[in-house]
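S.K.: Contents of entry_20.cif (mmCIF, C-alpha atoms; chains and numbers go by the auth columns):
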```cif
data_final
loop_
_atom_site.group_PDB
_atom_site.id
_atom_site.type_symbol
_atom_site.label_atom_id
_atom_site.label_comp_id
_atom_site.label_asym_id
_atom_site.label_seq_id
_atom_site.Cartn_x
_atom_site.Cartn_y
_atom_site.Cartn_z
_atom_site.B_iso_or_equiv
_atom_site.auth_seq_id
_atom_site.auth_asym_id
ATOM 1 C CA MET A 1 -16.255 -0.364 19.153 0.00 21 A
ATOM 2 C CA ASN A 2 -12.848 1.236 19.687 0.00 22 A
ATOM 3 C CA GLU A 3 -11.565 -0.804 16.815 0.00 23 A
ATOM 4 C CA VAL A 4 -14.247 0.568 14.498 0.00 24 A
ATOM 5 C CA ILE A 5 -13.425 4.174 15.442 0.00 25 A
ATOM 6 C CA ALA A 6 -9.713 3.516 14.989 0.00 26 A
ATOM 7 C CA PHE A 7 -10.349 1.961 11.589 0.00 27 A
ATOM 8 C CA TRP A 8 -12.311 4.941 10.310 0.00 28 A
ATOM 9 C CA ILE A 9 -9.833 7.507 11.646 0.00 29 A
ATOM 10 C CA LEU A 10 -6.817 5.650 10.248 0.00 30 A
ATOM 11 C CA SER A 11 -8.434 5.050 6.885 0.00 31 A
ATOM 12 C CA ALA A 12 -9.381 8.735 6.651 0.00 32 A
ATOM 13 C CA ILE A 13 -5.758 9.661 7.414 0.00 33 A
ATOM 14 C CA ALA A 14 -4.477 7.222 4.785 0.00 34 A
ATOM 15 C CA VAL A 15 -6.893 8.288 2.028 0.00 35 A
ATOM 16 C CA LEU A 16 -6.439 12.014 2.672 0.00 36 A
ATOM 17 C CA GLY A 17 -2.661 11.624 2.817 0.00 37 A
ATOM 18 C CA ALA A 18 -2.647 9.765 -0.494 0.00 38 A
ATOM 19 C CA LEU A 19 -4.941 12.318 -2.161 0.00 39 A
ATOM 20 C CA VAL A 20 -2.875 15.290 -0.969 0.00 40 A
ATOM 21 C CA ALA A 21 0.378 13.556 -1.984 0.00 41 A
ATOM 22 C CA VAL A 22 -0.979 13.007 -5.478 0.00 42 A
ATOM 23 C CA ARG A 23 -2.588 16.421 -5.988 0.00 43 A
ATOM 24 C CA LYS A 24 -0.150 18.816 -4.262 0.00 44 A
ATOM 25 C CA ARG A 25 1.786 21.146 -6.516 0.00 45 A
ATOM 26 C CA ASN A 26 4.653 21.634 -4.084 0.00 46 A
ATOM 27 C CA LEU A 27 6.642 18.388 -4.045 0.00 47 A
ATOM 28 C CA ILE A 28 8.070 18.832 -0.543 0.00 48 A
ATOM 29 C CA HIS A 29 4.541 19.127 0.852 0.00 49 A
ATOM 30 C CA GLY A 30 3.623 16.114 -1.255 0.00 50 A
ATOM 31 C CA VAL A 31 6.349 14.023 0.366 0.00 51 A
ATOM 32 C CA PHE A 32 5.146 14.985 3.830 0.00 52 A
ATOM 33 C CA ALA A 33 1.593 14.012 2.884 0.00 53 A
ATOM 34 C CA LEU A 34 2.986 10.706 1.617 0.00 54 A
ATOM 35 C CA LEU A 35 4.635 10.163 5.008 0.00 55 A
ATOM 36 C CA VAL A 36 1.254 10.784 6.675 0.00 56 A
ATOM 37 C CA PHE A 37 -0.220 8.158 4.340 0.00 57 A
ATOM 38 C CA PHE A 38 2.503 5.672 5.322 0.00 58 A
ATOM 39 C CA ALA A 39 1.877 6.362 9.025 0.00 59 A
ATOM 40 C CA GLY A 40 -1.868 5.787 8.609 0.00 60 A
ATOM 41 C CA LEU A 41 -1.212 2.519 6.825 0.00 61 A
ATOM 42 C CA SER A 42 1.157 1.450 9.577 0.00 62 A
ATOM 43 C CA GLY A 43 -1.653 2.062 12.071 0.00 63 A
ATOM 44 C CA LEU A 44 -3.972 -0.087 9.949 0.00 64 A
ATOM 45 C CA PHE A 45 -1.396 -2.883 10.007 0.00 65 A
ATOM 46 C CA LEU A 46 -1.334 -2.610 13.803 0.00 66 A
ATOM 47 C CA LEU A 47 -5.121 -2.846 13.800 0.00 67 A
ATOM 48 C CA LEU A 48 -4.825 -6.079 11.816 0.00 68 A
ATOM 49 C CA LEU A 49 -2.370 -7.394 14.454 0.00 69 A
ATOM 50 C CA ALA A 50 0.604 -7.385 12.101 0.00 70 A
ATOM 51 C CA GLU A 51 2.943 -5.589 14.503 0.00 71 A
ATOM 52 C CA PHE A 52 6.147 -6.546 12.749 0.00 72 A
ATOM 53 C CA ILE A 53 4.927 -5.297 9.386 0.00 73 A
ATOM 54 C CA ALA A 54 3.814 -2.057 11.039 0.00 74 A
ATOM 55 C CA ALA A 55 7.294 -1.570 12.483 0.00 75 A
ATOM 56 C CA VAL A 56 8.912 -2.377 9.140 0.00 76 A
ATOM 57 C CA GLN A 57 6.558 0.097 7.472 0.00 77 A
ATOM 58 C CA VAL A 58 7.716 2.858 9.820 0.00 78 A
ATOM 59 C CA LEU A 59 11.398 1.981 9.475 0.00 79 A
ATOM 60 C CA VAL A 60 11.544 1.380 5.737 0.00 80 A
ATOM 61 C CA TYR A 61 8.947 3.788 4.368 0.00 81 A
ATOM 62 C CA ILE A 62 8.815 6.709 6.781 0.00 82 A
ATOM 63 C CA GLY A 63 12.518 6.411 7.555 0.00 83 A
ATOM 64 C CA ALA A 64 14.308 5.384 4.392 0.00 84 A
ATOM 65 C CA VAL A 65 11.978 6.073 1.476 0.00 85 A
ATOM 66 C CA GLY A 66 10.905 9.483 2.824 0.00 86 A
ATOM 67 C CA VAL A 67 14.477 10.714 3.195 0.00 87 A
ATOM 68 C CA LEU A 68 15.395 9.291 -0.205 0.00 88 A
ATOM 69 C CA LEU A 69 12.481 11.118 -1.871 0.00 89 A
ATOM 70 C CA LEU A 70 13.379 14.389 -0.124 0.00 90 A
ATOM 71 C CA PHE A 71 16.966 14.089 -1.367 0.00 91 A
ATOM 72 C CA ALA A 72 15.858 13.332 -4.905 0.00 92 A
ATOM 73 C CA ILE A 73 13.572 16.381 -4.929 0.00 93 A
ATOM 74 C CA MET A 74 16.379 18.525 -3.571 0.00 94 A
ATOM 75 C CA LEU A 75 18.679 17.313 -6.351 0.00 95 A
ATOM 76 C CA THR A 76 16.217 17.693 -9.230 0.00 96 A
ATOM 77 C CA GLU A 77 13.764 20.547 -8.652 0.00 97 A
ATOM 78 C CA ARG A 78 15.760 23.504 -7.422 0.00 98 A
ATOM 79 C CA VAL A 79 12.954 24.948 -5.306 0.00 99 A
ATOM 80 C CA ALA A 80 10.539 21.988 -5.450 0.00 100 A
ATOM 81 C CA GLY A 81 7.484 22.484 -7.566 0.00 101 A
ATOM 82 C CA ASP A 82 6.310 22.822 -11.131 0.00 102 A
ATOM 83 C CA ASP A 83 6.951 26.585 -11.047 0.00 103 A
ATOM 84 C CA GLY A 84 3.667 27.786 -12.473 0.00 104 A
ATOM 85 C CA ARG A 85 3.428 25.421 -15.405 0.00 105 A
ATOM 86 C CA ARG A 86 0.625 22.974 -16.066 0.00 106 A
ATOM 87 C CA MET A 87 0.584 20.303 -13.343 0.00 107 A
ATOM 88 C CA THR A 88 -1.307 17.587 -15.163 0.00 108 A
ATOM 89 C CA SER A 89 -0.354 15.754 -18.307 0.00 109 A
ATOM 90 C CA ARG A 90 -2.099 15.963 -21.676 0.00 110 A
ATOM 91 C CA GLY A 91 -5.251 13.864 -21.721 0.00 111 A
ATOM 92 C CA TRP A 92 -5.398 13.674 -17.917 0.00 112 A
ATOM 93 C CA SER A 93 -9.171 13.254 -18.037 0.00 113 A
ATOM 94 C CA TRP A 94 -8.643 9.869 -19.698 0.00 114 A
ATOM 95 C CA GLY A 95 -6.445 8.951 -16.756 0.00 115 A
ATOM 96 C CA LEU A 96 -9.290 9.827 -14.397 0.00 116 A
ATOM 97 C CA VAL A 97 -11.731 7.762 -16.456 0.00 117 A
ATOM 98 C CA VAL A 98 -9.421 4.731 -16.449 0.00 118 A
ATOM 99 C CA ALA A 99 -8.806 5.042 -12.674 0.00 119 A
ATOM 100 C CA ALA A 100 -12.570 5.227 -12.024 0.00 120 A
ATOM 101 C CA ALA A 101 -13.155 2.230 -14.307 0.00 121 A
ATOM 102 C CA VAL A 102 -10.521 0.198 -12.454 0.00 122 A
ATOM 103 C CA PHE A 103 -12.176 1.142 -9.162 0.00 123 A
ATOM 104 C CA VAL A 104 -15.565 -0.063 -10.381 0.00 124 A
ATOM 105 C CA LEU A 105 -13.939 -3.271 -11.639 0.00 125 A
ATOM 106 C CA LEU A 106 -12.310 -3.874 -8.243 0.00 126 A
ATOM 107 C CA LEU A 107 -15.614 -3.323 -6.442 0.00 127 A
ATOM 108 C CA LEU A 108 -17.369 -5.733 -8.801 0.00 128 A
ATOM 109 C CA SER A 109 -14.678 -8.330 -8.195 0.00 129 A
ATOM 110 C CA LEU A 110 -15.251 -7.950 -4.441 0.00 130 A
ATOM 111 C CA TRP A 111 -18.897 -8.890 -4.783 0.00 131 A
ATOM 112 C CA PRO A 112 -18.519 -12.725 -4.796 0.00 132 A
ATOM 113 C CA VAL A 113 -16.008 -12.624 -1.902 0.00 133 A
ATOM 114 C CA GLN A 114 -18.793 -11.486 0.409 0.00 134 A
ATOM 115 C CA GLN A 115 -20.930 -14.578 -0.104 0.00 135 A
ATOM 116 C CA LEU A 116 -18.084 -17.071 -0.029 0.00 136 A
ATOM 117 C CA SER A 117 -15.713 -16.361 2.813 0.00 137 A
ATOM 118 C CA MET A 118 -17.452 -14.078 5.287 0.00 138 A
ATOM 119 C CA PRO A 119 -18.991 -16.762 7.561 0.00 139 A
ATOM 120 C CA LYS A 120 -15.588 -18.369 8.081 0.00 140 A
ATOM 121 C CA ALA A 121 -13.690 -15.142 8.663 0.00 141 A
ATOM 122 C CA LYS A 122 -12.223 -14.475 12.079 0.00 142 A
ATOM 123 C CA ASP A 123 -12.441 -11.084 13.685 0.00 143 A
ATOM 124 C CA PRO A 124 -9.081 -9.786 14.948 0.00 144 A
ATOM 125 C CA SER A 125 -10.617 -8.945 18.338 0.00 145 A
ATOM 126 C CA GLU A 126 -11.452 -12.634 18.877 0.00 146 A
ATOM 127 C CA PHE A 127 -7.810 -13.460 18.372 0.00 147 A
ATOM 128 C CA LEU A 128 -6.840 -10.873 21.007 0.00 148 A
ATOM 129 C CA THR A 129 -9.241 -12.250 23.613 0.00 149 A
ATOM 130 C CA GLN A 130 -7.950 -15.716 22.822 0.00 150 A
ATOM 131 C CA ILE A 131 -4.394 -14.654 23.684 0.00 151 A
ATOM 132 C CA SER A 132 -5.302 -12.640 26.775 0.00 152 A
ATOM 133 C CA ASP A 133 -7.562 -15.430 28.047 0.00 153 A
ATOM 134 C CA PRO A 134 -5.955 -16.980 31.208 0.00 154 A
ATOM 135 C CA GLY A 135 -7.296 -20.401 30.280 0.00 155 A
ATOM 136 C CA TYR A 136 -5.542 -20.198 26.918 0.00 156 A
ATOM 137 C CA ASP A 137 -3.203 -23.164 26.540 0.00 157 A
ATOM 138 C CA GLY A 138 -0.180 -22.112 24.513 0.00 158 A
ATOM 139 C CA ASN A 139 1.238 -25.618 24.393 0.00 159 A
ATOM 140 C CA SER A 140 -1.735 -27.195 22.658 0.00 160 A
ATOM 141 C CA GLU A 141 -1.812 -24.192 20.333 0.00 161 A
ATOM 142 C CA ARG A 142 1.815 -24.864 19.437 0.00 162 A
ATOM 143 C CA LYS A 143 0.994 -28.525 18.792 0.00 163 A
ATOM 144 C CA ARG A 144 -1.873 -27.508 16.543 0.00 164 A
ATOM 145 C CA ILE A 145 0.399 -25.230 14.501 0.00 165 A
ATOM 146 C CA LEU A 146 3.060 -27.948 14.248 0.00 166 A
ATOM 147 C CA ASN A 147 0.407 -30.396 13.095 0.00 167 A
ATOM 148 C CA SER A 148 -0.830 -28.078 10.375 0.00 168 A
ATOM 149 C CA VAL A 149 2.758 -27.481 9.211 0.00 169 A
ATOM 150 C CA ARG A 150 3.326 -31.240 9.204 0.00 170 A
ATOM 151 C CA THR A 151 0.187 -31.738 7.118 0.00 171 A
ATOM 152 C CA ILE A 152 1.399 -29.226 4.543 0.00 172 A
ATOM 153 C CA VAL A 153 4.865 -30.802 4.384 0.00 173 A
ATOM 154 C CA ASN A 154 3.342 -34.248 3.966 0.00 174 A
ATOM 155 C CA ARG A 155 1.094 -33.017 1.210 0.00 175 A
ATOM 156 C CA TRP A 156 4.048 -31.531 -0.628 0.00 176 A
ATOM 157 C CA SER A 157 6.343 -34.518 -0.224 0.00 177 A
ATOM 158 C CA ASN A 158 3.770 -36.936 -1.616 0.00 178 A
ATOM 159 C CA MET B 1 -14.744 -4.699 11.029 0.00 30 B
ATOM 160 C CA THR B 2 -15.185 -7.104 8.190 0.00 31 B
ATOM 161 C CA LEU B 3 -12.740 -8.102 5.509 0.00 32 B
ATOM 162 C CA HIS B 4 -14.683 -5.968 3.066 0.00 33 B
ATOM 163 C CA HIS B 5 -13.889 -2.734 4.857 0.00 34 B
ATOM 164 C CA TYR B 6 -10.197 -3.349 4.350 0.00 35 B
ATOM 165 C CA LEU B 7 -10.586 -4.531 0.767 0.00 36 B
ATOM 166 C CA ILE B 8 -12.616 -1.482 -0.240 0.00 37 B
ATOM 167 C CA LEU B 9 -10.138 0.817 1.505 0.00 38 B
ATOM 168 C CA ALA B 10 -7.293 -0.856 -0.400 0.00 39 B
ATOM 169 C CA ALA B 11 -9.222 -0.442 -3.670 0.00 40 B
ATOM 170 C CA VAL B 12 -9.708 3.279 -2.955 0.00 41 B
ATOM 171 C CA LEU B 13 -6.017 3.755 -2.174 0.00 42 B
ATOM 172 C CA PHE B 14 -4.997 1.816 -5.276 0.00 43 B
ATOM 173 C CA CYS B 15 -7.188 3.971 -7.483 0.00 44 B
ATOM 174 C CA VAL B 16 -5.863 7.182 -5.919 0.00 45 B
ATOM 175 C CA GLY B 17 -2.370 5.976 -6.800 0.00 46 B
ATOM 176 C CA LEU B 18 -3.486 5.011 -10.297 0.00 47 B
ATOM 177 C CA MET B 19 -5.033 8.458 -10.790 0.00 48 B
ATOM 178 C CA GLY B 20 -1.775 10.114 -9.737 0.00 49 B
ATOM 179 C CA ALA B 21 0.308 7.937 -12.026 0.00 50 B
ATOM 180 C CA PHE B 22 -1.966 8.708 -14.989 0.00 51 B
ATOM 181 C CA THR B 23 -2.528 12.420 -14.514 0.00 52 B
ATOM 182 C CA ARG B 24 0.676 13.996 -13.200 0.00 53 B
ATOM 183 C CA ARG B 25 3.585 15.130 -15.351 0.00 54 B
ATOM 184 C CA ASN B 26 6.328 15.122 -12.739 0.00 55 B
ATOM 185 C CA ALA B 27 8.327 11.867 -12.702 0.00 56 B
ATOM 186 C CA ILE B 28 8.812 11.990 -8.931 0.00 57 B
ATOM 187 C CA VAL B 29 5.063 12.276 -8.306 0.00 58 B
ATOM 188 C CA VAL B 30 4.559 9.245 -10.542 0.00 59 B
ATOM 189 C CA LEU B 31 6.991 7.389 -8.263 0.00 60 B
ATOM 190 C CA PHE B 32 4.925 8.471 -5.212 0.00 61 B
ATOM 191 C CA SER B 33 1.835 7.111 -6.908 0.00 62 B
ATOM 192 C CA VAL B 34 3.466 3.760 -7.593 0.00 63 B
ATOM 193 C CA GLU B 35 4.400 3.587 -3.904 0.00 64 B
ATOM 194 C CA ILE B 36 0.788 4.273 -2.914 0.00 65 B
ATOM 195 C CA MET B 37 -0.389 1.451 -5.178 0.00 66 B
ATOM 196 C CA LEU B 38 2.178 -0.989 -3.749 0.00 67 B
ATOM 197 C CA ASN B 39 1.104 -0.123 -0.210 0.00 68 B
ATOM 198 C CA ALA B 40 -2.541 -0.728 -1.093 0.00 69 B
ATOM 199 C CA ALA B 41 -1.548 -4.195 -2.314 0.00 70 B
ATOM 200 C CA ASN B 42 0.293 -4.816 0.973 0.00 71 B
ATOM 201 C CA LEU B 43 -2.832 -3.848 2.902 0.00 72 B
ATOM 202 C CA ASN B 44 -4.756 -6.433 0.879 0.00 73 B
ATOM 203 C CA PHE B 45 -2.204 -9.121 1.698 0.00 74 B
ATOM 204 C CA ILE B 46 -2.369 -8.394 5.424 0.00 75 B
ATOM 205 C CA ALA B 47 -6.186 -8.195 5.484 0.00 76 B
ATOM 206 C CA PHE B 48 -6.632 -11.509 3.657 0.00 77 B
ATOM 207 C CA TRP B 49 -4.076 -13.105 5.964 0.00 78 B
ATOM 208 C CA ARG B 50 -5.755 -11.869 9.163 0.00 79 B
ATOM 209 C CA TYR B 51 -9.179 -13.037 8.051 0.00 80 B
ATOM 210 C CA SER B 52 -7.946 -16.396 6.771 0.00 81 B
ATOM 211 C CA ASP B 53 -8.532 -19.714 8.526 0.00 82 B
ATOM 212 C CA ASN B 54 -5.143 -20.028 10.190 0.00 83 B
ATOM 213 C CA PRO B 55 -3.287 -16.740 10.612 0.00 84 B
ATOM 214 C CA GLU B 56 -0.641 -18.515 12.708 0.00 85 B
ATOM 215 C CA LEU B 57 1.130 -19.589 9.543 0.00 86 B
ATOM 216 C CA LEU B 58 2.202 -15.982 8.776 0.00 87 B
ATOM 217 C CA HIS B 59 1.946 -16.280 5.014 0.00 88 B
ATOM 218 C CA GLY B 60 0.588 -12.737 4.641 0.00 89 B
ATOM 219 C CA PRO B 61 3.456 -10.971 6.441 0.00 90 B
ATOM 220 C CA MET B 62 5.923 -13.046 4.435 0.00 91 B
ATOM 221 C CA PHE B 63 4.487 -11.791 1.143 0.00 92 B
ATOM 222 C CA THR B 64 4.304 -8.255 2.481 0.00 93 B
ATOM 223 C CA LEU B 65 7.869 -8.273 3.750 0.00 94 B
ATOM 224 C CA PHE B 66 9.031 -9.422 0.342 0.00 95 B
ATOM 225 C CA ALA B 67 6.997 -6.699 -1.369 0.00 96 B
ATOM 226 C CA ILE B 68 8.349 -4.018 0.987 0.00 97 B
ATOM 227 C CA ALA B 69 11.951 -5.085 0.345 0.00 98 B
ATOM 228 C CA VAL B 70 11.443 -5.064 -3.417 0.00 99 B
ATOM 229 C CA ALA B 71 9.590 -1.721 -3.271 0.00 100 B
ATOM 230 C CA ALA B 72 12.401 -0.104 -1.286 0.00 101 B
ATOM 231 C CA ALA B 73 14.942 -1.269 -3.864 0.00 102 B
ATOM 232 C CA GLU B 74 12.631 -0.049 -6.623 0.00 103 B
ATOM 233 C CA VAL B 75 12.439 3.442 -5.100 0.00 104 B
ATOM 234 C CA ALA B 76 16.228 3.633 -4.911 0.00 105 B
ATOM 235 C CA VAL B 77 16.667 2.580 -8.540 0.00 106 B
ATOM 236 C CA GLY B 78 13.761 4.740 -9.731 0.00 107 B
ATOM 237 C CA LEU B 79 15.108 7.860 -8.055 0.00 108 B
ATOM 238 C CA ALA B 80 18.573 7.175 -9.461 0.00 109 B
ATOM 239 C CA LEU B 81 16.986 6.975 -12.923 0.00 110 B
ATOM 240 C CA VAL B 82 15.060 10.212 -12.331 0.00 111 B
ATOM 241 C CA ILE B 83 18.262 12.010 -11.335 0.00 112 B
ATOM 242 C CA ALA B 84 20.104 10.596 -14.358 0.00 113 B
ATOM 243 C CA VAL B 85 17.263 11.766 -16.617 0.00 114 B
ATOM 244 C CA TYR B 86 17.342 15.189 -14.951 0.00 115 B
ATOM 245 C CA ARG B 87 21.056 15.555 -15.634 0.00 116 B
ATOM 246 C CA HIS B 88 20.471 14.673 -19.276 0.00 117 B
ATOM 247 C CA PHE B 89 17.288 16.616 -20.086 0.00 118 B
ATOM 248 C CA LYS B 90 17.514 19.273 -17.321 0.00 119 B
ATOM 249 C CA THR B 91 13.896 18.526 -16.389 0.00 120 B
ATOM 250 C CA VAL B 92 11.794 15.750 -14.822 0.00 121 B
ATOM 251 C CA ASP B 93 8.736 16.633 -16.897 0.00 122 B
ATOM 252 C CA LEU B 94 7.513 13.399 -18.448 0.00 123 B
ATOM 253 C CA GLU B 95 6.022 15.171 -21.486 0.00 124 B
ATOM 254 C CA SER B 96 9.347 16.623 -22.568 0.00 125 B
ATOM 255 C CA MET B 97 10.986 13.186 -22.619 0.00 126 B
ATOM 256 C CA ASN B 98 9.732 12.139 -26.047 0.00 127 B
ATOM 257 C CA THR B 99 12.965 11.092 -27.738 0.00 128 B
ATOM 258 C CA LEU B 100 11.527 7.761 -28.817 0.00 129 B
ATOM 259 C CA ARG B 101 8.529 9.426 -30.475 0.00 130 B
ATOM 260 C CA GLU B 102 10.502 11.794 -32.679 0.00 131 B
#
```
Before anything else, please render the file you have as structure tokens.
M.R.:
Amino acid sequence: MNEVIAFWILSAIAVLGALVAVRKRNLIHGVFALLVFFAGLSGLFLLLLAEFIAAVQVLVYIGAVGVLLLFAIMLTERVAGDDGRRMTSRGWSWGLVVAAAVFVLLLLSLWPVQQLSMPKAKDPSEFLTQISDPGYDGNSERKRILNSVRTIVNRWSN
Amino acid sequence: MTLHHYLILAAVLFCVGLMGAFTRRNAIVVLFSVEIMLNAANLNFIAFWRYSDNPELLHGPMFTLFAIAVAAAEVAVGLALVIAVYRHFKTVDLESMNTLRE
């Protein structure tokens, strides 16, 4: 249950951050919204039990890319912003149409995934209980992983 | 949470990035949008990995780490290009850079 709440909150943060970053006229505010988006995505990575990728996301994106973007804005737009001119490009409505069409295409391509792989899919919470289970035997787990690696290597060498 | 929640979220984020890349005139905002799209792809990689049969093999994080490294290099080069263009044209407005069309 907690996981579901965390997912919805983090995805709302990520989507809102991305929307604000894309639509904001002031570029400095846009960069900060982009950092919020990166932070939300890092939380989603944590939720998917990819801790290392979450840490890398914070270090590389929020740390390095954010500062780099702020410096670039400082060096190009004197005060940051499109100073009252038109914000969108000519024919921007076509851009919206193409983005919406790509979204529909992506949703349609998701349709067959549902029937094929859902029964096999593991829930991340099961993985957590497996690790925190006192009867969990790490040694046999290690052997299982080694065996699967060995199978792959054998398949490749043949 | 099912795999589909993550996949649909990644599709939404990708399309937000696509919309930004298509509709904005400022070159730096287009770079933001490309970053948003790359991060949506990373989310897809991680989600597919976590819901795969054996997540112990860490293939998803390997792809994602590679993509993050390449994306960080791409931002550095892209911003250097934007600054070079700014010094030449005195603007980062993509509609005023139409030398090839004239």
S.K.: List every residue of chain B that has an atom at most 6 Å from any atom of chain A, and for each one report the closest atom pair and its distance in Å to one decimal, counting all atoms listed in the file, with rows sorted by chain and then by increasing residue number, as JSON lines.
M.R.:
```
{"residue": "B:Cys44", "atom": "CA", "partner": "A:Ala119", "partner_atom": "CA", "distance": 5.5}
{"residue": "B:Leu47", "atom": "CA", "partner": "A:Ala119", "partner_atom": "CA", "distance": 5.8}
{"residue": "B:Met48", "atom": "CA", "partner": "A:Ala119", "partner_atom": "CA", "distance": 5.4}
{"residue": "B:Gly49", "atom": "CA", "partner": "A:Val42", "partner_atom": "CA", "distance": 5.2}
{"residue": "B:Phe51", "atom": "CA", "partner": "A:Gly115", "partner_atom": "CA", "distance": 4.8}
{"residue": "B:Thr52", "atom": "CA", "partner": "A:Trp112", "partner_atom": "CA", "distance": 4.6}
{"residue": "B:Arg53", "atom": "CA", "partner": "A:Thr108", "partner_atom": "CA", "distance": 4.5}
{"residue": "B:Arg54", "atom": "CA", "partner": "A:Ser109", "partner_atom": "CA", "distance": 5.0}
{"residue": "B:Tyr80", "atom": "CA", "partner": "A:Ala141", "partner_atom": "CA", "distance": 5.0}
```
S.K.: Convert the current residue selection to file output with C-alpha atoms, as a PDB file, keeping the file's coordinate frame.
M.R.:
```
ATOM      1  CA  CYS B  44      -7.188   3.971  -7.483  1.00  0.00           C
ATOM      2  CA  LEU B  47      -3.486   5.011 -10.297  1.00  0.00           C
ATOM      3  CA  MET B  48      -5.033   8.458 -10.790  1.00  0.00           C
ATOM      4  CA  GLY B  49      -1.775  10.114  -9.737  1.00  0.00           C
ATOM      5  CA  PHE B  51      -1.966   8.708 -14.989  1.00  0.00           C
ATOM      6  CA  THR B  52      -2.528  12.420 -14.514  1.00  0.00           C
ATOM      7  CA  ARG B  53       0.676  13.996 -13.200  1.00  0.00           C
ATOM      8  CA  ARG B  54       3.585  15.130 -15.351  1.00  0.00           C
ATOM      9  CA  TYR B  80      -9.179 -13.037   8.051  1.00  0.00           C
TER      10      TYR B  80
END
```
S.K.: Selected by the PyMOL selection byres ((chain B and resi 75) around 10) in the shown coordinates: which residues, as a PDB file with C-alpha atoms, keeping the file's coordinate frame?
M.R.:
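Below you can see out-v8.pdb, which holds the result:
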```
ATOM      1  CA  LEU A  64      -3.972  -0.087   9.949  1.00  0.00           C
ATOM      2  CA  PHE A  65      -1.396  -2.883  10.007  1.00  0.00           C
ATOM      3  CA  LEU A  68      -4.825  -6.079  11.816  1.00  0.00           C
ATOM      4  CA  LEU A  69      -2.370  -7.394  14.454  1.00  0.00           C
ATOM      5  CA  ALA A  70       0.604  -7.385  12.101  1.00  0.00           C
ATOM      6  CA  ILE A  73       4.927  -5.297   9.386  1.00  0.00           C
TER       7      ILE A  73
ATOM      8  CA  TYR B  35     -10.197  -3.349   4.350  1.00  0.00           C
ATOM      9  CA  ALA B  70      -1.548  -4.195  -2.314  1.00  0.00           C
ATOM     10  CA  ASN B  71       0.293  -4.816   0.973  1.00  0.00           C
ATOM     11  CA  LEU B  72      -2.832  -3.848   2.902  1.00  0.00           C
ATOM     12  CA  ASN B  73      -4.756  -6.433   0.879  1.00  0.00           C
ATOM     13  CA  PHE B  74      -2.204  -9.121   1.698  1.00  0.00           C
ATOM     14  CA  ALA B  76      -6.186  -8.195   5.484  1.00  0.00           C
ATOM     15  CA  PHE B  77      -6.632 -11.509   3.657  1.00  0.00           C
ATOM     16  CA  TRP B  78      -4.076 -13.105   5.964  1.00  0.00           C
ATOM     17  CA  ARG B  79      -5.755 -11.869   9.163  1.00  0.00           C
ATOM     18  CA  TYR B  80      -9.179 -13.037   8.051  1.00  0.00           C
ATOM     19  CA  SER B  81      -7.946 -16.396   6.771  1.00  0.00           C
ATOM     20  CA  PRO B  84      -3.287 -16.740  10.612  1.00  0.00           C
ATOM     21  CA  LEU B  87       2.202 -15.982   8.776  1.00  0.00           C
ATOM     22  CA  HIS B  88       1.946 -16.280   5.014  1.00  0.00           C
ATOM     23  CA  GLY B  89       0.588 -12.737   4.641  1.00  0.00           C
ATOM     24  CA  PRO B  90       3.456 -10.971   6.441  1.00  0.00           C
ATOM     25  CA  MET B  91       5.923 -13.046   4.435  1.00  0.00           C
ATOM     26  CA  PHE B  92       4.487 -11.791   1.143  1.00  0.00           C
ATOM     27  CA  THR B  93       4.304  -8.255   2.481  1.00  0.00           C
TER      28      THR B  93
END
```
S.K.: Just say which residues the PyMOL selection byres ((chain B and resi 107-120) around 12) picks in this file, as a PyMOL selection string.
M.R.: (chain A and resi 85-98+100-103) or (chain B and resi 54-61+63-64+99-106+121-128)
S.K.: What gap, in Å, lies between atom CA of Ala59 of chain A and atom CA of Gly83 of chain A?
M.R.: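 These two atoms are separated by 10.7 Å.
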S.K.: Distance atom CA of Thr31 of chain B-atom CA of Val56 of chain A, one decimal place?
M.R.: 24.3 Å
S.K.: Given the choices A:Ser160, A:Ile29, A:Ile82, A:Leu66, which gets closest to Ala53 of chain A if the distance is worked out from all atoms listed in the file?
M.R.: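 Checking each candidate against Ala53 of chain A, we get A:Ile82 as the closest.
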S.K.: For atom CA of Ala50 of chain B and atom CA of Ala75 of chain A, quote the distance in Å rounded to one decimal.
M.R.: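 Computed distance, atom CA of Ala50 of chain B to atom CA of Ala75 of chain A, equals 27.2 Å.
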S.K.: Box time for segment 54-62 of chain B: axis-aligned, enclosing all its listed atoms, 3 Å extra on each side; report centre and edge lengths in Å to one decimal, as JSON.
M.R.:
```
{"center_x": 5.3, "center_y": 11.1, "center_z": -10.3, "size_x": 13.0, "size_y": 14.0, "size_z": 16.1}
```
